[in-house]
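Text of the file target-v3.txt, holding compact mmCIF, C-alpha atoms:
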```
# COMPACT_ATOMS: atom_id res chain seq x y z
CA MET Z 1 167.86 26.80 112.12
CA ARG Z 2 165.27 28.62 114.16
CA LEU Z 3 167.44 31.70 114.24
CA ARG Z 4 167.82 31.52 110.48
CA ASN Z 5 164.04 31.47 110.00
CA LEU Z 6 163.75 34.43 112.29
CA GLN Z 7 166.42 36.26 110.29
CA ILE Z 8 164.59 35.55 107.06
CA ALA Z 9 161.34 36.76 108.58
CA LEU Z 10 162.96 39.96 109.85
CA TRP Z 11 164.65 40.68 106.54
CA THR Z 12 161.36 40.08 104.72
CA MET Z 13 159.63 42.54 107.02
CA ALA Z 14 162.40 45.09 106.55
CA LEU Z 15 162.14 44.73 102.79
CA ALA Z 16 158.35 45.08 102.90
CA ALA Z 17 158.68 48.18 105.06
CA SER Z 18 161.17 49.70 102.61
CA ILE Z 19 158.87 49.01 99.67
CA ALA Z 20 155.91 50.48 101.56
CA PHE Z 21 157.95 53.54 102.45
CA VAL Z 22 159.04 54.13 98.86
CA ALA Z 23 155.49 53.55 97.61
CA LEU Z 24 154.01 56.01 100.10
CA ARG Z 25 156.68 58.53 99.34
CA TRP Z 26 156.22 58.31 95.56
CA LEU Z 27 152.63 57.53 94.82
CA PRO Z 28 150.93 60.67 96.15
CA VAL Z 29 153.35 62.96 94.38
CA GLY Z 30 151.83 64.80 91.41
CA PRO Z 31 150.12 62.74 88.76
CA SER Z 32 151.94 62.46 85.47
CA GLU Z 33 150.33 64.15 82.49
CA GLU Z 34 151.04 61.05 80.46
CA THR Z 35 148.87 58.69 82.47
CA GLY Z 36 145.95 59.49 80.20
CA VAL Z 37 143.50 58.68 82.98
CA ALA Z 38 141.08 61.58 83.38
CA PHE Z 39 140.29 62.44 86.93
CA MET Z 40 138.24 65.13 88.54
CA PRO Z 41 140.04 66.81 91.41
CA SER Z 42 137.75 68.64 93.80
CA PHE Z 43 137.81 70.83 96.90
CA ASP Z 44 135.48 72.26 99.51
CA LEU Z 45 137.29 75.04 101.34
CA ALA Z 46 136.57 78.40 102.94
CA ASP Z 47 137.65 81.61 101.21
CA ALA Z 48 139.05 84.67 102.99
CA THR Z 49 135.54 85.75 104.05
CA GLY Z 50 134.79 82.33 105.53
CA ALA Z 51 132.34 81.39 102.77
CA MET Z 52 132.56 77.80 101.58
CA ARG Z 53 133.74 77.46 98.01
CA SER Z 54 133.63 74.31 95.96
CA SER Z 55 135.28 73.19 92.73
CA ASP Z 56 131.77 72.70 91.28
CA GLU Z 57 131.09 76.43 91.07
CA PHE Z 58 133.89 76.94 88.53
CA GLY Z 59 132.39 74.68 85.87
CA GLY Z 60 132.80 76.27 82.45
CA LYS Z 61 136.07 77.92 83.44
CA PHE Z 62 139.63 76.76 83.38
CA GLN Z 63 141.10 76.57 86.88
CA LEU Z 64 144.77 77.25 87.58
CA VAL Z 65 145.35 75.73 91.01
CA PHE Z 66 148.40 76.16 93.21
CA PHE Z 67 148.95 74.70 96.68
CA GLY Z 68 151.25 76.74 98.91
CA PHE Z 69 151.55 78.76 102.08
CA THR Z 70 151.85 82.47 102.63
CA SER Z 71 155.10 82.42 104.67
CA CYS Z 72 156.95 80.80 101.81
CA PRO Z 73 159.53 83.33 100.54
CA ASP Z 74 160.75 81.79 97.30
CA VAL Z 75 158.66 79.15 95.50
CA CYS Z 76 155.16 80.49 96.20
CA PRO Z 77 155.76 84.16 95.28
CA THR Z 78 157.55 83.08 92.10
CA THR Z 79 154.66 80.89 90.97
CA LEU Z 80 151.92 83.34 91.99
CA SER Z 81 153.78 86.13 90.17
CA GLU Z 82 153.70 84.00 87.04
CA VAL Z 83 149.99 83.38 87.52
CA ALA Z 84 149.45 87.13 87.93
CA GLN Z 85 151.38 87.82 84.73
CA VAL Z 86 149.34 85.20 82.87
CA MET Z 87 146.07 86.78 84.09
CA ASP Z 88 147.20 90.22 82.91
CA ASP Z 89 148.38 88.91 79.56
CA LEU Z 90 145.15 86.99 78.93
CA GLY Z 91 143.33 90.32 78.48
CA GLU Z 92 139.64 89.69 77.81
CA ASP Z 93 140.15 85.94 78.04
CA ALA Z 94 141.02 86.34 81.72
CA ALA Z 95 137.33 85.80 82.46
CA ARG Z 96 137.71 82.21 81.23
CA VAL Z 97 140.35 81.35 83.83
CA GLN Z 98 140.00 81.18 87.62
CA PRO Z 99 143.33 81.18 89.46
CA ILE Z 100 143.09 79.51 92.88
CA PHE Z 101 145.57 79.45 95.75
CA ILE Z 102 144.94 76.64 98.26
CA SER Z 103 146.71 77.02 101.58
CA ILE Z 104 148.43 73.93 102.96
CA ASP Z 105 149.03 75.84 106.21
CA PRO Z 106 145.47 77.12 106.69
CA GLY Z 107 145.51 78.00 110.38
CA ARG Z 108 148.54 80.26 110.16
CA ASP Z 109 147.54 81.69 106.78
CA ARG Z 110 144.11 82.73 108.04
CA ARG Z 111 145.83 84.45 110.94
CA LEU Z 112 148.35 86.23 108.67
CA GLY Z 113 145.65 87.27 106.20
CA LEU Z 114 144.76 85.32 103.10
CA ARG Z 115 143.26 88.14 101.08
CA ASP Z 116 146.17 90.54 101.66
CA TYR Z 117 148.40 87.84 100.29
CA THR Z 118 146.52 86.90 97.12
CA GLU Z 119 145.66 90.54 96.30
CA ALA Z 120 149.31 91.49 96.48
CA PHE Z 121 149.79 89.31 93.42
CA HIS Z 122 146.51 89.70 91.55
CA PRO Z 123 142.92 90.52 92.55
CA ALA Z 124 141.62 87.62 90.44
CA ILE Z 125 143.38 84.99 92.57
CA LEU Z 126 140.98 83.25 94.93
CA GLY Z 127 142.64 82.27 98.21
CA LEU Z 128 141.23 79.27 100.05
CA ALA Z 129 142.07 78.00 103.53
CA GLY Z 130 139.96 75.19 104.93
CA THR Z 131 140.20 73.04 108.01
CA ASP Z 132 143.06 70.58 108.24
CA ALA Z 133 140.77 67.73 107.21
CA GLN Z 134 139.36 69.66 104.21
CA THR Z 135 142.90 70.60 103.17
CA ARG Z 136 144.06 66.99 103.33
CA ALA Z 137 141.02 65.96 101.29
CA ALA Z 138 141.73 68.59 98.61
CA ALA Z 139 145.41 67.60 98.42
CA ALA Z 140 144.48 63.92 98.14
CA SER Z 141 142.00 64.76 95.42
CA PHE Z 142 144.68 66.60 93.42
CA LYS Z 143 147.13 63.81 94.31
CA ILE Z 144 149.62 66.29 95.67
CA PHE Z 145 151.96 65.91 98.59
CA PHE Z 146 152.49 68.26 101.48
CA GLU Z 147 154.06 67.86 104.84
CA ARG Z 148 154.75 69.94 107.90
CA GLU Z 149 158.39 69.81 108.91
CA ALA Z 150 159.72 70.79 112.30
CA ASP Z 151 162.32 73.53 111.95
CA ALA Z 152 163.30 75.18 115.18
CA ALA Z 153 164.71 78.18 113.30
CA ALA Z 154 161.60 78.83 111.16
CA PRO Z 155 158.79 81.18 112.19
CA ASP Z 156 156.55 79.29 114.67
CA GLY Z 157 159.01 76.38 114.62
CA TYR Z 158 157.98 74.68 111.40
CA THR Z 159 157.99 74.96 107.66
CA MET Z 160 156.09 73.21 104.89
CA SER Z 161 157.32 71.09 102.02
CA HIS Z 162 154.93 70.62 99.15
CA SER Z 163 154.38 69.79 95.48
CA PRO Z 164 155.21 73.09 93.76
CA GLY Z 165 153.39 72.51 90.48
CA LEU Z 166 150.61 74.62 89.02
CA TYR Z 167 147.61 72.50 88.03
CA LEU Z 168 145.29 73.15 85.13
CA ILE Z 169 141.71 71.92 85.38
CA GLY Z 170 139.40 72.10 82.37
CA PRO Z 171 135.93 73.68 82.09
CA ASP Z 172 134.44 70.20 82.61
CA GLY Z 173 136.32 69.82 85.89
CA ALA Z 174 138.77 67.24 84.52
CA TRP Z 175 142.49 67.41 85.18
CA LEU Z 176 144.39 68.63 82.09
CA ARG Z 177 148.02 69.00 83.07
CA GLN Z 178 150.50 70.43 85.50
CA PHE Z 179 153.02 73.16 84.86
CA ALA Z 180 156.25 72.30 86.63
CA TYR Z 181 157.73 74.84 89.02
CA GLY Z 182 159.60 77.50 87.04
CA THR Z 183 157.48 77.24 83.86
CA PRO Z 184 157.64 80.77 82.35
CA ALA Z 185 154.40 82.77 82.31
CA ALA Z 186 154.60 83.00 78.50
CA ASP Z 187 154.51 79.20 78.19
CA ILE Z 188 151.50 78.93 80.50
CA LEU Z 189 149.78 81.71 78.55
CA SER Z 190 150.30 80.07 75.16
CA ASP Z 191 149.14 76.70 76.51
CA LEU Z 192 145.91 78.30 77.78
CA GLN Z 193 145.34 80.25 74.57
CA SER Z 194 145.71 77.05 72.55
CA ARG Z 195 142.75 75.60 74.46
CA PHE Z 196 140.25 78.46 73.96
CA MET T 197 168.11 124.28 98.95
CA LYS T 198 171.30 122.53 97.88
CA PRO T 199 170.62 119.31 99.84
CA LEU T 200 167.15 119.25 98.32
CA ILE T 201 168.54 119.43 94.78
CA LEU T 202 171.15 116.84 95.62
CA SER T 203 168.58 114.45 97.02
CA ALA T 204 166.36 115.05 94.03
CA ILE T 205 169.22 114.16 91.72
CA LEU T 206 170.02 111.06 93.77
CA THR T 207 166.39 110.00 93.69
CA LEU T 208 166.18 110.43 89.95
CA THR T 209 169.39 108.64 89.11
CA ALA T 210 169.35 105.93 91.76
CA PRO T 211 166.76 103.33 90.71
CA ALA T 212 168.68 101.23 88.21
CA ALA T 213 172.04 101.72 89.81
CA PHE T 214 171.80 100.38 93.33
CA ALA T 215 170.87 96.78 92.64
CA CYS T 216 173.65 96.65 90.06
CA ASP T 217 176.39 97.75 92.43
CA SER T 218 179.13 95.32 93.28
CA VAL T 219 181.46 95.20 96.27
CA THR T 220 184.79 93.35 96.36
CA SER T 221 186.81 92.14 99.31
CA GLY T 222 189.91 90.12 98.55
CA ASP T 223 189.03 87.51 95.93
CA VAL T 224 185.30 87.68 96.46
CA THR T 225 182.90 90.07 94.72
CA VAL T 226 179.22 90.30 95.59
CA TRP T 227 176.90 91.83 93.03
CA ARG T 228 173.31 92.37 92.01
CA ALA T 229 171.75 92.21 95.46
CA TRP T 230 167.98 92.43 95.38
CA SER T 231 164.89 91.59 97.32
CA LYS T 232 161.18 91.57 96.70
CA VAL T 233 158.34 93.52 98.23
CA SER T 234 157.15 91.68 101.33
CA ILE T 235 153.47 91.18 101.98
CA GLY T 236 153.28 92.75 105.41
CA ALA T 237 156.04 92.45 108.00
CA ASP T 238 154.90 89.13 109.47
CA ARG T 239 155.92 87.06 106.48
CA PRO T 240 159.58 86.56 105.62
CA GLY T 241 161.36 88.64 103.01
CA VAL T 242 163.89 87.27 100.58
CA LEU T 243 167.45 88.15 99.55
CA TYR T 244 169.07 87.27 96.24
CA VAL T 245 172.67 88.10 95.31
CA GLY T 246 175.45 87.04 92.96
CA ILE T 247 178.84 85.98 94.34
CA THR T 248 182.06 85.55 92.37
CA ASN T 249 185.23 83.99 93.72
CA LYS T 250 188.21 84.98 91.56
CA GLY T 251 190.71 83.33 93.89
CA ASN T 252 192.45 79.96 93.77
CA THR T 253 190.86 78.66 96.96
CA ASP T 254 187.28 77.69 97.69
CA ASP T 255 185.29 79.97 99.93
CA ALA T 256 181.80 79.73 101.37
CA LEU T 257 179.00 82.07 102.37
CA VAL T 258 178.30 81.20 105.98
CA GLY T 259 176.01 83.94 107.22
CA VAL T 260 173.93 86.99 106.44
CA ALA T 261 172.97 89.92 108.63
CA THR T 262 170.81 92.96 108.00
CA PRO T 263 169.20 95.65 110.12
CA VAL T 264 165.82 95.02 108.46
CA ALA T 265 165.41 91.50 109.82
CA SER T 266 166.09 90.00 113.23
CA LEU T 267 166.53 86.46 111.95
CA PRO T 268 168.05 86.26 108.47
CA MET T 269 169.02 82.77 107.35
CA LEU T 270 170.35 80.96 104.31
CA HIS T 271 168.01 78.49 102.67
CA GLU T 272 167.93 76.45 99.53
CA THR T 273 164.84 75.52 97.57
CA VAL T 274 165.21 71.87 96.63
CA VAL T 275 162.73 70.05 94.43
CA THR T 276 163.09 66.29 94.97
CA ASP T 277 160.67 63.76 93.50
CA GLY T 278 158.22 66.58 92.74
CA VAL T 279 158.24 67.99 96.26
CA ALA T 280 159.73 71.39 97.07
CA SER T 281 161.33 71.78 100.44
CA MET T 282 163.46 74.56 101.73
CA PRO T 283 166.16 73.20 104.00
CA HIS T 284 168.24 75.57 106.05
CA ALA T 285 171.65 75.81 104.37
CA MET T 286 174.52 75.97 106.84
CA LYS T 287 176.68 77.45 104.13
CA VAL T 288 176.72 78.11 100.41
CA PRO T 289 179.96 76.86 98.81
CA ILE T 290 181.65 79.36 96.49
CA PRO T 291 184.29 77.29 94.64
CA ALA T 292 187.55 78.85 93.44
CA GLY T 293 187.09 80.62 90.12
CA ALA T 294 183.32 80.20 90.16
CA SER T 295 180.21 82.36 90.44
CA VAL T 296 177.21 81.33 92.47
CA VAL T 297 173.93 83.20 92.14
CA LEU T 298 171.36 83.20 94.90
CA ALA T 299 168.23 83.38 92.75
CA PRO T 300 164.57 82.34 92.74
CA GLY T 301 164.23 78.56 92.94
CA GLY T 302 167.66 77.96 94.48
CA TYR T 303 169.74 79.37 97.28
CA HIS T 304 168.26 82.46 98.89
CA GLY T 305 168.46 84.47 102.04
CA MET T 306 165.25 84.20 104.05
CA LEU T 307 164.70 87.38 106.02
CA MET T 308 162.64 86.39 109.03
CA GLY T 309 161.57 88.83 111.69
CA LEU T 310 161.27 91.84 109.40
CA THR T 311 161.28 95.09 111.34
CA ALA T 312 158.93 96.61 108.73
CA ALA T 313 157.35 95.57 105.46
CA LEU T 314 159.74 95.85 102.51
CA LYS T 315 158.37 98.27 99.92
CA ASP T 316 159.14 98.75 96.25
CA GLY T 317 162.20 101.00 95.92
CA ASP T 318 163.39 100.50 99.52
CA ARG T 319 167.08 99.91 99.99
CA PHE T 320 168.80 98.23 102.89
CA PRO T 321 172.33 97.01 103.63
CA ALA T 322 173.10 93.31 104.00
CA THR T 323 176.35 91.96 105.35
CA LEU T 324 177.43 88.63 103.93
CA THR T 325 179.97 86.66 105.94
CA PHE T 326 182.41 84.42 104.10
CA GLU T 327 184.69 81.78 105.57
CA LYS T 328 187.81 83.31 104.04
CA ALA T 329 186.89 86.72 102.59
CA GLY T 330 185.25 87.86 105.82
CA ASP T 331 182.37 90.34 105.86
CA ILE T 332 181.14 92.13 102.74
CA THR T 333 178.33 94.66 103.00
CA ILE T 334 176.22 95.49 99.96
CA ASN T 335 173.12 97.58 99.34
CA VAL T 336 170.03 95.57 98.51
CA GLU T 337 167.27 97.03 96.38
CA VAL T 338 163.65 96.01 96.91
CA LEU T 339 161.93 95.24 93.61
CA PRO T 340 158.24 94.61 92.87
CA LEU T 341 156.72 91.24 93.69
CA ARG T 342 156.77 90.13 90.09
CA ALA T 343 160.39 91.13 89.42
CA GLU T 344 162.71 88.39 88.25
CA GLY T 345 165.79 90.44 89.07
CA PRO T 346 167.21 93.89 88.43
CA ASP T 347 167.93 94.94 84.88
CA CYS T 348 171.66 95.58 84.92
CA GLY T 349 172.39 95.35 81.24
CA ASP T 350 175.40 93.08 80.85
CA ALA T 351 176.33 93.24 84.51
CA GLY T 352 175.78 89.51 84.95
CA GLN T 353 179.39 88.73 85.72
```

Write-out of the structure in structure tokens:
Amino acid sequence: MRLRNLQIALWTMALAASIAFVALRWLPVGPSEETGVAFMPSFDLADATGAMRSSDEFGGKFQLVFFGFTSCPDVCPTTLSEVAQVMDDLGEDAARVQPIFISIDPGRDRRLGLRDYTEAFHPAILGLAGTDAQTRAAAASFKIFFEREADAAAPDGYTMSHSPGLYLIGPDGAWLRQFAYGTPAADILSDLQSRF
Amino acid sequence: MKPLILSAILTLTAPAAFACDSVTSGDVTVWRAWSKVSIGADRPGVLYVGITNKGNTDDALVGVATPVASLPMLHETVVTDGVASMPHAMKVPIPAGASVVLAPGGYHGMLMGLTAALKDGDRFPATLTFEKAGDITINVEVLPLRAEGPDCGDAGQ
């Protein structure tokens, strides 16, 4: 009887752990656009010159925010190329949109050169790389997920997994929507133009 | 003088052609091999290519080698539950009678340890190793950062 109680207790704990694991794994991953709950993501991070930049200074502009890392060969260049195309195609309206790249691998990206990276795509893109704590805070604020994964074969022995969406923040600082990875530049452009 | 004219002609006629070349060995054809400009030499480059298996048996791409990178590897971009990760792919299955395209957002070659930055218009050879078809070497053309692939007309096999 005692053993049975112990078994029940252990199974209950295992079940609770599974639920907690699933919850942790799912909850921080990109907010749905359908939730309807406005929230105000924010960041305080250094730019390539070391100057602190905050989400507050972009009030009045739309922000297109992407979290990534500069050693990422496939997802990040694809998305930043789309952002660059959107900025070009916006023409005069480009001044109403601030594209922002937030590094989730800030130490290595500062070493490799943040400005070289963003300028290769478009001079308008602002690259930000904070401390680890500031980066975690920004990611939590945007409700995005990122994680460092050990990979013996990767440069420096690790790679990053991350939410690959592109996030649109309104001129009032409120979250508007995310563009899923692979959204064509033309679709992002027409969405933005519909909001001007 | 003659070599100069010849090289001038090659330079003028080359751009569209190279990325649209295809190379066949046995049942397997590799085609449309391209890469993107790298941002410096310290960040990895990328390799995209189409592969067609016209045979009756499955094959698989198991390796890639190129003189421009000391550590080329196969990876796959996988988006699961809204999170993109890029696991190392031990091999890319090429089923019998099927085409598989290494393209942005999916399977790709990750060229780590670049010997030099890849520049727009550069060309380099890449040798793909298949389980059954063996080694196939194809010329890879480096396209601009924003390219979504070479324009080969109807060459998408």

Query - Selection near His271 (chain T), 12 Å with all atoms listed in the file, sequence-local residues under 2 positions removed, as a ChimeraX atom specification - result: /Z:72-75,151,153-154,159 /T:242-244,257-260,268-269,273-274,281-288,298-308

Report task. Enumerate as number ranges by chain the residues belonging to chain Z that approach chain T to within 9 Å, with all atoms listed in the file taken into account. Result -> Z: 25-26, 29-30, 70-75, 77-78, 80-82, 84-85, 112, 116-117, 120-121, 144-146, 151, 153-155, 159-165, 180-182

Tell me, as a PDB file with C-alpha atoms, keeping the file's coordinate frame, which residues lie within 8 Å of region 47-62 of chain Z, counting only C-alpha atoms; anything in the same chain fewer than 6 positions away does not count.
```
ATOM      1  CA  ARG Z  96     137.710  82.210  81.230  1.00  0.00           C
ATOM      2  CA  VAL Z  97     140.350  81.350  83.830  1.00  0.00           C
ATOM      3  CA  GLN Z  98     140.000  81.180  87.620  1.00  0.00           C
ATOM      4  CA  ARG Z 110     144.110  82.730 108.040  1.00  0.00           C
ATOM      5  CA  GLY Z 113     145.650  87.270 106.200  1.00  0.00           C
ATOM      6  CA  LEU Z 114     144.760  85.320 103.100  1.00  0.00           C
ATOM      7  CA  ARG Z 115     143.260  88.140 101.080  1.00  0.00           C
ATOM      8  CA  LEU Z 126     140.980  83.250  94.930  1.00  0.00           C
ATOM      9  CA  GLY Z 127     142.640  82.270  98.210  1.00  0.00           C
ATOM     10  CA  LEU Z 128     141.230  79.270 100.050  1.00  0.00           C
ATOM     11  CA  ALA Z 129     142.070  78.000 103.530  1.00  0.00           C
ATOM     12  CA  GLY Z 130     139.960  75.190 104.930  1.00  0.00           C
ATOM     13  CA  LEU Z 168     145.290  73.150  85.130  1.00  0.00           C
ATOM     14  CA  ILE Z 169     141.710  71.920  85.380  1.00  0.00           C
ATOM     15  CA  GLY Z 170     139.400  72.100  82.370  1.00  0.00           C
ATOM     16  CA  PRO Z 171     135.930  73.680  82.090  1.00  0.00           C
ATOM     17  CA  ASP Z 172     134.440  70.200  82.610  1.00  0.00           C
ATOM     18  CA  GLY Z 173     136.320  69.820  85.890  1.00  0.00           C
TER      19      GLY Z 173
END
```

Query raised in the report: Which residues, protein or nucleic acid, reach to within 12 Å of (192.1, 79.2, 93.2) in the file's coordinates when using only C-alpha atoms, and can you give that as a ChimeraX atom specification?
Result: /T:223-224,248-255,290-294

Query raised in the report: Which one is closest to Lys328 (chain T): T:Ser266, T:Trp227, T:Ser221, T:Ala312? Count all atoms listed in the file.
Result: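 Of the candidates, the smallest distance to Lys328 (chain T) is held by T:Ser221.
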
Query raised in the report: Distance CA of Asp44 (chain Z)-CA of Ala138 (chain Z), one decimal place?
Result: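 Separating CA of Asp44 (chain Z) from CA of Ala138 (chain Z) is a distance of 7.3 Å.
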
Requested in this report: To one decimal in Å, tell me the separation between CA of Arg148 (chain Z) and CA of Ser42 (chain Z).
Outcome: 22.1 Å

Give as an mmCIF file with C-alpha atoms, in the frame of the given file every residue, naming chains and numbers as the document does, that has an atom within 8 Å of (148.5, 77.6, 105.8), counting all atoms listed in the file.
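Output below, filename out-v1.cif:
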```cif
data_model
loop_
_atom_site.group_PDB
_atom_site.id
_atom_site.type_symbol
_atom_site.label_atom_id
_atom_site.label_comp_id
_atom_site.auth_asym_id
_atom_site.auth_seq_id
_atom_site.Cartn_x
_atom_site.Cartn_y
_atom_site.Cartn_z
ATOM 1 C CA GLY Z 68 151.250 76.740 98.910
ATOM 2 C CA PHE Z 69 151.550 78.760 102.080
ATOM 3 C CA THR Z 70 151.850 82.470 102.630
ATOM 4 C CA SER Z 103 146.710 77.020 101.580
ATOM 5 C CA ILE Z 104 148.430 73.930 102.960
ATOM 6 C CA ASP Z 105 149.030 75.840 106.210
ATOM 7 C CA PRO Z 106 145.470 77.120 106.690
ATOM 8 C CA GLY Z 107 145.510 78.000 110.380
ATOM 9 C CA ARG Z 108 148.540 80.260 110.160
ATOM 10 C CA ASP Z 109 147.540 81.690 106.780
ATOM 11 C CA ARG Z 110 144.110 82.730 108.040
ATOM 12 C CA ALA Z 129 142.070 78.000 103.530
#
```

How big is the axis-aligned box around the listed atoms of region 219-232 of chain T once 8 Å is added on each side, and where is its centre? Give both in Å to one decimal, as JSON.
```
{"center_x": 175.5, "center_y": 91.4, "center_z": 95.7, "size_x": 44.7, "size_y": 23.7, "size_z": 23.3}
```

Query - Which of T:Ala322, T:Val219, T:Lys315, T:Ala229 sits closest to Pro263 (chain T) [using all atoms listed in the file] - result: T:Ala322

Query - Between CA of Leu189 (chain Z) and CA of Phe43 (chain Z), distance in Å (one decimal) - result: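 Rounded to one decimal, the two atoms are 24.5 Å apart.
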